file target.cif (mmCIF, C-alpha atoms)
data_work
loop_
_atom_site.label_atom_id
_atom_site.label_comp_id
_atom_site.auth_asym_id
_atom_site.auth_seq_id
_atom_site.Cartn_x
_atom_site.Cartn_y
_atom_site.Cartn_z
CA MET V 291 0.00 0.00 0.00
CA LYS V 292 2.89 2.36 0.78
CA LEU V 293 4.43 1.72 -2.69
CA GLN V 294 1.10 2.41 -4.38
CA GLY V 295 0.77 5.65 -2.43
CA ASN V 296 4.22 6.80 -3.58
CA VAL V 297 3.30 6.11 -7.24
CA LEU V 298 0.06 8.09 -6.88
CA LYS V 299 1.99 10.92 -5.26
CA ARG V 300 4.56 11.03 -8.10
CA ASN V 301 1.78 10.96 -10.77
CA SER V 302 0.00 13.80 -9.02
CA MET V 303 3.19 15.84 -8.98
CA ARG V 304 3.77 15.23 -12.70
CA PHE V 305 0.18 16.28 -13.47
CA ALA V 306 0.60 19.43 -11.40
CA ALA V 307 3.87 20.29 -13.18
CA ALA V 308 2.26 19.81 -16.61
CA LEU V 309 -0.70 21.93 -15.59
CA LEU V 310 1.59 24.73 -14.35
CA ALA V 311 3.58 24.62 -17.60
CA ALA V 312 0.39 24.89 -19.65
CA LEU V 313 -0.80 27.80 -17.53
CA ALA V 314 2.56 29.55 -17.91
CA SER V 315 2.36 29.15 -21.70
CA PHE V 316 -1.16 30.59 -21.70
CA VAL V 317 -0.14 33.59 -19.59
CA SER V 318 2.93 34.38 -21.74
CA GLY V 319 0.80 34.43 -24.89
CA PRO V 320 -1.57 32.12 -26.76
CA ASN V 321 -0.05 29.50 -29.03
CA THR V 322 3.53 30.63 -28.31
CA ALA V 323 4.54 26.99 -28.01
CA MET V 324 2.82 26.06 -31.29
CA ALA V 325 4.39 26.27 -34.73
CA ALA V 326 3.38 29.33 -36.79
CA SER V 327 0.79 28.73 -39.50
CA PRO V 328 2.29 28.80 -43.02
CA GLN V 329 1.36 31.72 -45.26
CA HIS V 330 -0.78 31.09 -48.33
CA HIS V 331 0.28 33.19 -51.31
CA ASP V 332 -2.39 32.16 -53.82
CA GLN V 333 -5.22 34.61 -54.45
CA ALA V 334 -8.72 33.87 -55.66
CA PRO V 335 -9.06 32.72 -59.29
CA GLY V 336 -8.77 35.63 -61.72
CA PHE V 337 -12.26 36.12 -63.06
CA TYR V 338 -15.29 38.28 -62.35
CA ARG V 339 -18.78 38.02 -63.83
CA LEU V 340 -21.13 40.83 -64.73
CA ARG V 341 -24.64 40.77 -66.16
CA VAL V 342 -25.51 43.18 -68.97
CA GLY V 343 -29.09 42.53 -70.00
CA ASP V 344 -29.10 38.87 -71.02
CA LEU V 345 -25.33 38.82 -71.54
CA GLU V 346 -22.91 37.21 -69.13
CA VAL V 347 -19.64 39.14 -69.27
CA THR V 348 -16.64 37.57 -67.53
CA ALA V 349 -13.43 39.51 -66.96
CA LEU V 350 -10.41 37.20 -67.29
CA TYR V 351 -7.23 38.25 -65.51
CA ASP V 352 -4.06 37.88 -67.59
CA GLY V 353 -1.52 39.51 -65.28
CA THR V 354 -0.10 42.78 -63.97
CA GLY V 355 2.85 44.85 -65.14
CA VAL V 356 4.22 48.37 -64.78
CA PHE V 357 3.83 51.11 -67.38
CA ASP V 358 7.16 52.88 -67.77
CA PRO V 359 6.71 56.67 -67.35
CA GLN V 360 8.97 57.11 -70.38
CA TRP V 361 6.18 55.54 -72.45
CA LEU V 362 3.97 58.57 -71.76
CA ASN V 363 4.01 61.82 -73.76
CA GLY V 364 2.44 65.02 -72.47
CA THR V 365 3.02 68.57 -71.43
CA LYS V 366 5.82 69.35 -68.99
CA ALA V 367 3.26 70.09 -66.28
CA ALA V 368 1.49 66.77 -66.80
CA MET V 369 4.73 64.77 -66.83
CA ASP V 370 6.07 66.62 -63.76
CA GLY V 371 2.85 65.52 -62.07
CA VAL V 372 3.57 61.91 -63.05
CA VAL V 373 7.08 62.08 -61.57
CA LYS V 374 5.75 63.62 -58.36
CA GLY V 375 2.96 61.03 -58.17
CA LEU V 376 5.43 58.17 -58.53
CA HIS V 377 7.45 59.47 -55.58
CA GLU V 378 4.28 59.44 -53.48
CA ASP V 379 2.99 56.12 -54.81
CA PRO V 380 5.40 53.83 -56.70
CA HIS V 381 2.42 51.72 -57.83
CA MET V 382 0.74 54.61 -59.63
CA LEU V 383 1.57 53.16 -63.07
CA ASP V 384 0.77 49.53 -62.31
CA VAL V 385 -1.18 48.20 -65.31
CA VAL V 386 -3.40 45.13 -65.55
CA ASP V 387 -3.93 43.05 -68.68
CA THR V 388 -7.43 41.59 -68.98
CA GLY V 389 -9.52 39.83 -71.63
CA PHE V 390 -13.30 39.54 -71.57
CA LEU V 391 -15.63 36.63 -72.34
CA VAL V 392 -19.17 37.33 -73.50
CA ASN V 393 -21.68 34.49 -73.24
CA THR V 394 -24.71 35.46 -75.33
CA GLY V 395 -26.55 32.24 -74.58
CA LYS V 396 -25.79 31.10 -78.13
CA GLN V 397 -22.09 31.86 -78.52
CA LEU V 398 -18.97 32.27 -76.43
CA ILE V 399 -17.14 35.38 -77.62
CA LEU V 400 -13.71 36.37 -76.35
CA VAL V 401 -12.73 40.03 -76.69
CA ASP V 402 -8.91 40.07 -76.75
CA ALA V 403 -6.89 37.10 -75.60
CA GLY V 404 -4.19 38.40 -73.29
CA ALA V 405 -0.46 38.11 -73.84
CA GLY V 406 0.24 34.40 -73.64
CA THR V 407 4.03 34.07 -73.63
CA TRP V 408 4.59 36.87 -76.15
CA TRP V 409 4.77 39.82 -73.75
CA GLY V 410 5.58 40.60 -70.15
CA GLY V 411 8.44 38.24 -69.32
CA GLY V 412 6.22 35.89 -67.31
CA ALA V 413 4.20 38.58 -65.52
CA LEU V 414 1.35 38.05 -67.99
CA GLY V 415 -0.16 35.01 -69.69
CA ARG V 416 -2.75 33.81 -67.17
CA LEU V 417 -5.89 34.27 -69.27
CA ALA V 418 -6.34 30.63 -70.30
CA GLY V 419 -6.09 29.56 -66.65
CA SER V 420 -8.56 32.25 -65.63
CA LEU V 421 -10.92 31.02 -68.35
CA ARG V 422 -10.82 27.48 -66.98
CA SER V 423 -11.32 28.75 -63.42
CA ALA V 424 -14.43 30.55 -64.70
CA GLY V 425 -15.83 27.22 -65.87
CA TYR V 426 -15.03 27.36 -69.57
CA ALA V 427 -12.52 25.60 -71.80
CA PRO V 428 -10.57 27.21 -74.68
CA GLU V 429 -12.16 24.68 -77.04
CA GLU V 430 -15.61 26.13 -76.26
CA VAL V 431 -14.82 29.64 -77.52
CA ASP V 432 -16.63 30.32 -80.80
CA LEU V 433 -15.34 33.77 -81.75
CA VAL V 434 -12.46 36.04 -80.80
CA LEU V 435 -12.92 39.75 -81.45
CA VAL V 436 -9.58 41.54 -81.55
CA THR V 437 -9.30 45.25 -80.70
CA HIS V 438 -5.80 45.43 -82.22
CA LEU V 439 -2.78 43.26 -82.87
CA HIS V 440 -0.35 44.27 -80.14
CA SER V 441 0.86 41.06 -78.54
CA ASP V 442 -0.49 41.86 -75.05
CA HIS V 443 -3.96 41.56 -76.63
CA VAL V 444 -3.47 38.64 -79.03
CA GLY V 445 -0.49 36.68 -77.68
CA GLY V 446 -2.87 34.35 -75.86
CA LEU V 447 -4.24 33.13 -79.19
CA THR V 448 -1.18 31.08 -80.12
CA THR V 449 1.58 29.14 -78.37
CA GLN V 450 5.23 29.79 -79.16
CA ASP V 451 5.34 26.58 -81.20
CA GLY V 452 2.47 27.71 -83.42
CA LYS V 453 -0.54 25.91 -81.94
CA ARG V 454 -3.97 27.56 -81.74
CA VAL V 455 -5.04 27.97 -78.11
CA PHE V 456 -8.68 28.36 -79.25
CA PRO V 457 -8.86 25.67 -81.94
CA ASN V 458 -12.56 26.09 -82.74
CA ALA V 459 -12.65 29.90 -82.72
CA ASP V 460 -12.90 32.23 -85.68
CA VAL V 461 -10.84 35.39 -85.16
CA TYR V 462 -12.14 38.77 -86.32
CA VAL V 463 -9.93 41.83 -86.71
CA ALA V 464 -10.22 45.10 -88.64
CA LYS V 465 -8.84 44.82 -92.17
CA ALA V 466 -6.72 47.95 -91.73
CA GLU V 467 -5.17 46.37 -88.64
CA SER V 468 -4.52 43.03 -90.29
CA ASP V 469 -3.15 44.59 -93.48
CA PHE V 470 -0.72 46.77 -91.54
CA TRP V 471 0.81 44.31 -89.07
CA LEU V 472 0.84 41.31 -91.40
CA SER V 473 2.51 43.16 -94.29
CA PRO V 474 6.13 42.08 -94.91
CA GLU V 475 6.69 45.29 -96.88
CA ILE V 476 5.54 47.58 -94.06
CA ALA V 477 7.44 45.51 -91.51
CA ALA V 478 10.66 45.84 -93.54
CA LYS V 479 10.41 49.65 -93.45
CA ALA V 480 9.45 49.88 -89.77
CA PRO V 481 11.91 51.18 -87.13
CA LYS V 482 14.02 48.55 -85.40
CA ASP V 483 12.22 48.90 -82.06
CA ALA V 484 8.88 48.26 -83.80
CA GLN V 485 10.02 45.06 -85.49
CA PRO V 486 9.01 42.74 -82.60
CA PHE V 487 5.39 43.93 -82.90
CA PHE V 488 5.28 42.89 -86.55
CA GLN V 489 7.05 39.60 -85.91
CA SER V 490 4.77 38.57 -83.07
CA ALA V 491 1.58 39.59 -84.91
CA GLN V 492 2.55 37.55 -87.94
CA ALA V 493 3.50 34.48 -85.91
CA ILE V 494 0.34 34.68 -83.79
CA ALA V 495 -1.97 35.06 -86.79
CA ALA V 496 -0.31 32.40 -88.99
CA PRO V 497 -2.03 29.24 -87.66
CA TYR V 498 -5.47 30.87 -87.81
CA ILE V 499 -4.86 32.09 -91.35
CA LYS V 500 -3.75 28.59 -92.33
CA ALA V 501 -6.92 27.11 -90.80
CA ARG V 502 -9.04 29.77 -92.58
CA LYS V 503 -10.19 31.10 -89.24
CA TRP V 504 -8.74 34.61 -89.64
CA HIS V 505 -11.39 37.10 -90.78
CA PRO V 506 -10.45 40.73 -91.51
CA PHE V 507 -13.52 42.99 -91.58
CA SER V 508 -14.12 46.43 -93.02
CA GLY V 509 -17.02 48.83 -92.70
CA SER V 510 -19.77 47.97 -90.27
CA GLU V 511 -20.87 44.54 -91.44
CA PRO V 512 -22.60 42.56 -88.67
CA ILE V 513 -20.51 39.91 -86.98
CA VAL V 514 -22.60 39.21 -83.88
CA ASP V 515 -26.25 40.05 -83.21
CA GLY V 516 -26.55 42.98 -80.81
CA MET V 517 -22.95 44.13 -81.38
CA GLN V 518 -21.69 47.22 -83.19
CA LEU V 519 -18.17 47.97 -84.36
CA VAL V 520 -16.73 51.20 -82.96
CA PRO V 521 -13.70 52.54 -84.88
CA LEU V 522 -11.24 54.08 -82.39
CA PRO V 523 -8.40 55.42 -84.54
CA GLY V 524 -4.97 56.49 -83.39
CA HIS V 525 -3.53 53.77 -81.24
CA THR V 526 -3.07 51.45 -84.21
CA PRO V 527 -4.29 51.70 -87.84
CA GLY V 528 -7.40 49.57 -87.25
CA HIS V 529 -7.95 49.92 -83.50
CA THR V 530 -11.59 48.90 -82.91
CA GLY V 531 -13.99 48.79 -80.00
CA TYR V 532 -17.02 46.51 -79.66
CA ASP V 533 -20.33 47.80 -78.33
CA PHE V 534 -22.72 45.10 -77.08
CA SER V 535 -26.37 45.84 -76.27
CA SER V 536 -28.98 43.72 -74.52
CA LYS V 537 -32.34 44.75 -73.06
CA GLY V 538 -31.48 48.43 -73.23
CA GLN V 539 -28.11 48.01 -71.49
CA LYS V 540 -24.71 48.52 -73.13
CA ILE V 541 -21.12 47.61 -72.57
CA LEU V 542 -18.21 48.97 -74.61
CA PHE V 543 -14.97 47.03 -74.94
CA TRP V 544 -12.64 49.93 -75.69
CA GLY V 545 -9.23 48.32 -76.19
CA ASP V 546 -6.34 50.69 -75.53
CA ILE V 547 -8.18 53.97 -75.12
CA VAL V 548 -6.44 54.24 -71.73
CA HIS V 549 -3.15 52.67 -70.69
CA ALA V 550 -2.21 54.59 -67.54
CA GLN V 551 -5.52 54.95 -65.72
CA ARG V 552 -4.44 57.42 -63.05
CA VAL V 553 -2.74 59.71 -65.57
CA GLN V 554 -4.83 59.65 -68.73
CA LEU V 555 -8.25 60.03 -67.12
CA GLN V 556 -7.12 63.27 -65.50
CA HIS V 557 -5.08 64.27 -68.55
CA PRO V 558 -6.73 62.76 -71.66
CA GLU V 559 -4.26 64.65 -73.84
CA VAL V 560 -1.38 62.48 -72.57
CA THR V 561 -0.51 59.83 -75.14
CA SER V 562 1.56 56.67 -75.22
CA THR V 563 4.60 55.89 -77.30
CA PHE V 564 2.66 52.82 -78.45
CA ASP V 565 0.14 55.11 -80.20
CA ILE V 566 1.08 55.06 -83.87
CA ASN V 567 -0.77 58.31 -84.51
CA GLN V 568 -0.59 60.23 -81.25
CA THR V 569 -2.64 63.18 -82.44
CA ALA V 570 -5.47 60.90 -83.54
CA ALA V 571 -5.24 58.81 -80.35
CA ALA V 572 -5.63 61.91 -78.15
CA ALA V 573 -8.50 63.18 -80.33
CA THR V 574 -10.32 59.85 -80.10
CA ARG V 575 -9.98 59.80 -76.31
CA ASN V 576 -11.15 63.42 -76.00
CA GLN V 577 -14.23 62.64 -78.10
CA LEU V 578 -15.06 59.31 -76.46
CA LEU V 579 -14.65 60.02 -72.74
CA PRO V 580 -17.28 62.79 -72.42
CA LYS V 581 -19.75 60.72 -74.44
CA LEU V 582 -19.32 57.70 -72.17
CA ALA V 583 -19.59 59.83 -69.03
CA ARG V 584 -22.86 61.38 -70.27
CA GLU V 585 -24.40 58.08 -71.32
CA ASP V 586 -23.42 56.14 -68.19
CA VAL V 587 -22.15 53.21 -70.28
CA VAL V 588 -20.45 50.19 -68.69
CA ILE V 589 -16.87 50.06 -69.96
CA ALA V 590 -14.58 47.06 -70.27
CA GLY V 591 -11.02 48.38 -70.22
CA PRO V 592 -8.28 45.77 -70.52
CA HIS V 593 -5.69 47.95 -68.75
CA MET V 594 -7.93 49.37 -66.02
CA SER V 595 -7.66 48.00 -62.48
CA PHE V 596 -9.03 44.45 -62.42
CA PRO V 597 -11.72 43.49 -63.22
CA GLY V 598 -11.49 46.41 -65.66
CA LEU V 599 -15.25 47.01 -65.55
CA GLY V 600 -16.74 50.34 -64.56
CA ARG V 601 -18.14 53.71 -65.55
CA LEU V 602 -16.76 57.18 -66.14
CA HIS V 603 -17.80 60.39 -64.38
CA LYS V 604 -16.74 63.93 -65.18
CA GLU V 605 -14.42 65.29 -62.50
CA GLY V 606 -12.91 68.75 -62.90
CA ARG V 607 -10.98 68.92 -66.16
CA GLY V 608 -10.74 65.14 -66.33
CA TYR V 609 -12.66 62.00 -65.37
CA SER V 610 -12.96 59.58 -62.47
CA TRP V 611 -13.40 55.82 -62.74
CA GLU V 612 -16.18 54.13 -60.81
CA PRO V 613 -15.34 50.42 -60.75
CA VAL V 614 -18.05 47.81 -60.45
CA THR V 615 -18.75 46.85 -56.86
CA PHE V 616 -17.53 43.38 -56.01
CA THR V 617 -20.21 40.86 -55.10
CA ASP V 618 -20.02 37.11 -54.65
CA HIS V 619 -23.00 36.52 -56.93
CA TRP V 620 -23.96 37.44 -60.47
CA VAL V 621 -25.64 40.83 -60.52
CA GLU V 622 -27.06 43.10 -63.18
CA GLN V 623 -25.24 46.36 -63.79
#

call {"tool": "encode", "arguments": {"input": "target.cif", "output": "structure tokens"}}
result
Amino acid sequence: MKLQGNVLKRNSMRFAAALLAALASFVSGPNTAMAASPQHHDQAPGFYRLRVGDLEVTALYDGTGVFDPQWLNGTKAAMDGVVKGLHEDPHMLDVVDTGFLVNTGKQLILVDAGAGTWWGGGALGRLAGSLRSAGYAPEEVDLVLVTHLHSDHVGGLTTQDGKRVFPNADVYVAKAESDFWLSPEIAAKAPKDAQPFFQSAQAIAAPYIKARKWHPFSGSEPIVDGMQLVPLPGHTPGHTGYDFSSKGQKILFWGDIVHAQRVQLQHPEVTSTFDINQTAAAATRNQLLPKLAREDVVIAGPHMSFPGLGRLHKEGRGYSWEPVTFTDHWVEQ
């Protein structure tokens, strides 16, 4: 009995010591004795849906880059403002690349295809993954409407080894755009720093041309019911927007009307070195922005902050951007 009593005494002492240790850990701070939880660096899948009448519009994230201030051209006052703004906020010229999928109920229509591996050094090229996350497969896309042939808008059409990413899609692009970038003669006379744009456009288009799925358009011939072509000259020779209407609601896919959101909305006269005709690009922007602000049109801007969907409002001498409000369910705008 004495031996049993000693064992019970020792067990009680061990229990008391363990209890005191646990209490000490609790007092010094919760979970201090536990391993730290690992960080999770993945974000949510890169898509966002919007309802426009009977249309389902899905923004598809392709990636984020930085717009070099040297790519902007404006007055000294405007550019001094850019330099000052960058000192205050180094992310002022962050630029998103986004494509947009329109489900009409009859067709799946992609407006611009992102950069693929043709632009951005790995920072871009996520559109196909975003498309799958949104519940669609590249093989399901029926049409691709191209605003222009810069590789950050069409690189996602074709792999580097010449395979069509959207094998069942017909690609539509303005004839002036196609004729310019796919011309060997024009390419041969182009400045050296412009040569990569011609080379990538020709390589990206080639497999669709071979498959007879490359369709240059001119004029205002109908391509899709409820859609109108909107010529937006200046950025490139055939730069084109697409205006979709459904049940009295509209959405305009405006291509590269704006590159640097926080600069060009306040200073629409500021142009980009990527604008082939800078005078025409500034004139187009100065004509279009007040019209969109008056009409309260939903805009799909591939370089606006993701999801690149919003409206314009007049603000002083420039404009402010009202992005769509995030919701976790499909809502009508």

call {"tool": "resolve_selection", "arguments": {"input": "target.cif", "expression": "the PyMOL selection byres ((chain V and resi 556-572) around 8)", "output": "JSON, numbers by chain"}}
result
{"V": [361, 362, 363, 364, 365, 368, 522, 523, 524, 525, 526, 527, 547, 549, 552, 553, 554, 555, 573, 574, 575, 576, 607, 608, 609, 610]}

call {"tool": "atom_distance", "arguments": {"input": "target.cif", "atom1": "atom CA of V:His381", "atom2": "atom CA of V:Gln333"}}
result
19.0 Å

call {"tool": "closest_residue", "arguments": {"input": "target.cif", "among": "V:Val548, V:Leu421, V:Ile513, V:Leu414", "to": "V:Leu383", "atoms": "all atoms listed in the file"}}
result
V:Val548

call {"tool": "residues_around", "arguments": {"input": "target.cif", "residues": "V:Phe596", "least_positions_apart": "2", "cutoff": "12 Å", "atoms": "only C-alpha atoms", "output": "short mmCIF file (atom, residue, chain, number, x, y, z; two decimals) with C-alpha atoms, keeping the file's coordinate frame"}}
result
data_model
loop_
_atom_site.label_atom_id
_atom_site.label_comp_id
_atom_site.auth_asym_id
_atom_site.auth_seq_id
_atom_site.Cartn_x
_atom_site.Cartn_y
_atom_site.Cartn_z
CA GLY V 336 -8.77 35.63 -61.72
CA PHE V 337 -12.26 36.12 -63.06
CA TYR V 338 -15.29 38.28 -62.35
CA ARG V 339 -18.78 38.02 -63.83
CA THR V 348 -16.64 37.57 -67.53
CA ALA V 349 -13.43 39.51 -66.96
CA LEU V 350 -10.41 37.20 -67.29
CA TYR V 351 -7.23 38.25 -65.51
CA ASP V 352 -4.06 37.88 -67.59
CA GLY V 353 -1.52 39.51 -65.28
CA THR V 354 -0.10 42.78 -63.97
CA ASP V 384 0.77 49.53 -62.31
CA VAL V 385 -1.18 48.20 -65.31
CA VAL V 386 -3.40 45.13 -65.55
CA ASP V 387 -3.93 43.05 -68.68
CA THR V 388 -7.43 41.59 -68.98
CA GLY V 389 -9.52 39.83 -71.63
CA PHE V 390 -13.30 39.54 -71.57
CA GLN V 551 -5.52 54.95 -65.72
CA ALA V 590 -14.58 47.06 -70.27
CA GLY V 591 -11.02 48.38 -70.22
CA PRO V 592 -8.28 45.77 -70.52
CA HIS V 593 -5.69 47.95 -68.75
CA MET V 594 -7.93 49.37 -66.02
CA GLY V 598 -11.49 46.41 -65.66
CA LEU V 599 -15.25 47.01 -65.55
CA GLY V 600 -16.74 50.34 -64.56
CA PRO V 613 -15.34 50.42 -60.75
CA VAL V 614 -18.05 47.81 -60.45
CA THR V 615 -18.75 46.85 -56.86
CA PHE V 616 -17.53 43.38 -56.01
#

call {"tool": "closest_residue", "arguments": {"input": "target.cif", "among": "V:Leu542, V:Ile499, V:Ala484, V:Leu391", "to": "V:Ala424", "atoms": "all atoms listed in the file"}}
result
V:Leu391

call {"tool": "closest_atom_pairs", "arguments": {"input": "target.cif", "of": "stretch 514-554 of chain V", "to": "stretch 439-460 of chain V", "cutoff": "9 Å", "atoms": "all atoms listed in the file", "output": "JSON lines"}}
result
{"residue": "V:Thr526", "atom": "CA", "partner": "V:Leu439", "partner_atom": "CA", "distance": 8.3}
{"residue": "V:Gly528", "atom": "CA", "partner": "V:Leu439", "partner_atom": "CA", "distance": 9.0}
{"residue": "V:His529", "atom": "CA", "partner": "V:Leu439", "partner_atom": "CA", "distance": 8.5}
{"residue": "V:Gly545", "atom": "CA", "partner": "V:His443", "partner_atom": "CA", "distance": 8.6}

call {"tool": "closest_residue", "arguments": {"input": "target.cif", "among": "V:Gln518, V:Glu475, V:Gly606, V:Glu612", "to": "V:Asp586", "atoms": "all atoms listed in the file"}}
result
V:Glu612

call {"tool": "residues_around", "arguments": {"input": "target.cif", "residues": "V:Val392", "least_positions_apart": "2", "cutoff": "7 Å", "atoms": "all atoms listed in the file", "output": "MDAnalysis selection string"}}
result
chainID V and resid 345:348 390 394 398:400

call {"tool": "build_atoms", "arguments": {"input": "target.cif", "residues": "stretch 577-585 of chain V", "atoms": "all heavy atoms", "output": "PDB file, in the frame of the given file"}}
result
ATOM      1  N   GLN V 577     -12.860  62.736 -77.584  1.00  0.00           N
ATOM      2  CA  GLN V 577     -14.230  62.640 -78.100  1.00  0.00           C
ATOM      3  C   GLN V 577     -15.025  61.565 -77.352  1.00  0.00           C
ATOM      4  O   GLN V 577     -16.216  61.739 -77.074  1.00  0.00           O
ATOM      5  CB  GLN V 577     -14.206  62.302 -79.593  1.00  0.00           C
ATOM      6  CG  GLN V 577     -13.670  63.417 -80.477  1.00  0.00           C
ATOM      7  CD  GLN V 577     -13.390  62.943 -81.891  1.00  0.00           C
ATOM      8  OE1 GLN V 577     -13.754  61.827 -82.272  1.00  0.00           O
ATOM      9  NE2 GLN V 577     -12.728  63.783 -82.674  1.00  0.00           N
ATOM     10  N   LEU V 578     -14.358  60.461 -77.021  1.00  0.00           N
ATOM     11  CA  LEU V 578     -15.060  59.310 -76.460  1.00  0.00           C
ATOM     12  C   LEU V 578     -15.388  59.471 -74.976  1.00  0.00           C
ATOM     13  O   LEU V 578     -16.495  59.128 -74.536  1.00  0.00           O
ATOM     14  CB  LEU V 578     -14.226  58.046 -76.667  1.00  0.00           C
ATOM     15  CG  LEU V 578     -14.857  56.729 -76.211  1.00  0.00           C
ATOM     16  CD1 LEU V 578     -16.092  56.403 -77.053  1.00  0.00           C
ATOM     17  CD2 LEU V 578     -13.839  55.590 -76.292  1.00  0.00           C
ATOM     18  N   LEU V 579     -14.452  59.986 -74.186  1.00  0.00           N
ATOM     19  CA  LEU V 579     -14.650  60.020 -72.740  1.00  0.00           C
ATOM     20  C   LEU V 579     -15.873  60.837 -72.314  1.00  0.00           C
ATOM     21  O   LEU V 579     -16.671  60.358 -71.487  1.00  0.00           O
ATOM     22  CB  LEU V 579     -13.396  60.527 -72.024  1.00  0.00           C
ATOM     23  CG  LEU V 579     -12.108  59.705 -72.211  1.00  0.00           C
ATOM     24  CD1 LEU V 579     -11.037  60.175 -71.228  1.00  0.00           C
ATOM     25  CD2 LEU V 579     -12.332  58.215 -72.068  1.00  0.00           C
ATOM     26  N   PRO V 580     -16.074  62.052 -72.842  1.00  0.00           N
ATOM     27  CA  PRO V 580     -17.280  62.790 -72.420  1.00  0.00           C
ATOM     28  C   PRO V 580     -18.572  62.098 -72.824  1.00  0.00           C
ATOM     29  O   PRO V 580     -19.566  62.144 -72.099  1.00  0.00           O
ATOM     30  CB  PRO V 580     -17.125  64.155 -73.102  1.00  0.00           C
ATOM     31  CG  PRO V 580     -16.122  63.962 -74.176  1.00  0.00           C
ATOM     32  CD  PRO V 580     -15.214  62.868 -73.715  1.00  0.00           C
ATOM     33  N   LYS V 581     -18.562  61.445 -73.975  1.00  0.00           N
ATOM     34  CA  LYS V 581     -19.750  60.720 -74.440  1.00  0.00           C
ATOM     35  C   LYS V 581     -20.084  59.577 -73.476  1.00  0.00           C
ATOM     36  O   LYS V 581     -21.252  59.393 -73.080  1.00  0.00           O
ATOM     37  CB  LYS V 581     -19.495  60.174 -75.842  1.00  0.00           C
ATOM     38  CG  LYS V 581     -20.640  59.367 -76.441  1.00  0.00           C
ATOM     39  CD  LYS V 581     -20.289  58.966 -77.870  1.00  0.00           C
ATOM     40  CE  LYS V 581     -21.444  58.235 -78.546  1.00  0.00           C
ATOM     41  NZ  LYS V 581     -21.681  56.898 -77.972  1.00  0.00           N
ATOM     42  N   LEU V 582     -19.086  58.820 -73.073  1.00  0.00           N
ATOM     43  CA  LEU V 582     -19.320  57.700 -72.170  1.00  0.00           C
ATOM     44  C   LEU V 582     -19.762  58.177 -70.792  1.00  0.00           C
ATOM     45  O   LEU V 582     -20.595  57.544 -70.143  1.00  0.00           O
ATOM     46  CB  LEU V 582     -18.052  56.844 -72.054  1.00  0.00           C
ATOM     47  CG  LEU V 582     -17.601  56.136 -73.335  1.00  0.00           C
ATOM     48  CD1 LEU V 582     -16.279  55.420 -73.110  1.00  0.00           C
ATOM     49  CD2 LEU V 582     -18.662  55.153 -73.813  1.00  0.00           C
ATOM     50  N   ALA V 583     -19.194  59.295 -70.337  1.00  0.00           N
ATOM     51  CA  ALA V 583     -19.590  59.830 -69.030  1.00  0.00           C
ATOM     52  C   ALA V 583     -21.044  60.299 -69.062  1.00  0.00           C
ATOM     53  O   ALA V 583     -21.789  60.098 -68.096  1.00  0.00           O
ATOM     54  CB  ALA V 583     -18.668  60.980 -68.646  1.00  0.00           C
ATOM     55  N   ARG V 584     -21.473  60.912 -70.162  1.00  0.00           N
ATOM     56  CA  ARG V 584     -22.860  61.380 -70.270  1.00  0.00           C
ATOM     57  C   ARG V 584     -23.844  60.221 -70.329  1.00  0.00           C
ATOM     58  O   ARG V 584     -24.914  60.263 -69.734  1.00  0.00           O
ATOM     59  CB  ARG V 584     -23.031  62.244 -71.539  1.00  0.00           C
ATOM     60  CG  ARG V 584     -22.451  63.630 -71.461  1.00  0.00           C
ATOM     61  CD  ARG V 584     -22.965  64.480 -72.620  1.00  0.00           C
ATOM     62  NE  ARG V 584     -22.786  63.854 -73.922  1.00  0.00           N
ATOM     63  CZ  ARG V 584     -21.722  64.010 -74.693  1.00  0.00           C
ATOM     64  NH1 ARG V 584     -20.709  64.768 -74.279  1.00  0.00           N
ATOM     65  NH2 ARG V 584     -21.640  63.410 -75.862  1.00  0.00           N
ATOM     66  N   GLU V 585     -23.471  59.178 -71.068  1.00  0.00           N
ATOM     67  CA  GLU V 585     -24.400  58.080 -71.320  1.00  0.00           C
ATOM     68  C   GLU V 585     -24.383  57.001 -70.245  1.00  0.00           C
ATOM     69  O   GLU V 585     -25.177  56.058 -70.285  1.00  0.00           O
ATOM     70  CB  GLU V 585     -24.102  57.457 -72.689  1.00  0.00           C
ATOM     71  CG  GLU V 585     -24.311  58.435 -73.846  1.00  0.00           C
ATOM     72  CD  GLU V 585     -23.965  57.819 -75.191  1.00  0.00           C
ATOM     73  OE1 GLU V 585     -23.529  56.642 -75.215  1.00  0.00           O
ATOM     74  OE2 GLU V 585     -24.122  58.511 -76.223  1.00  0.00           O
TER      75      GLU V 585
END
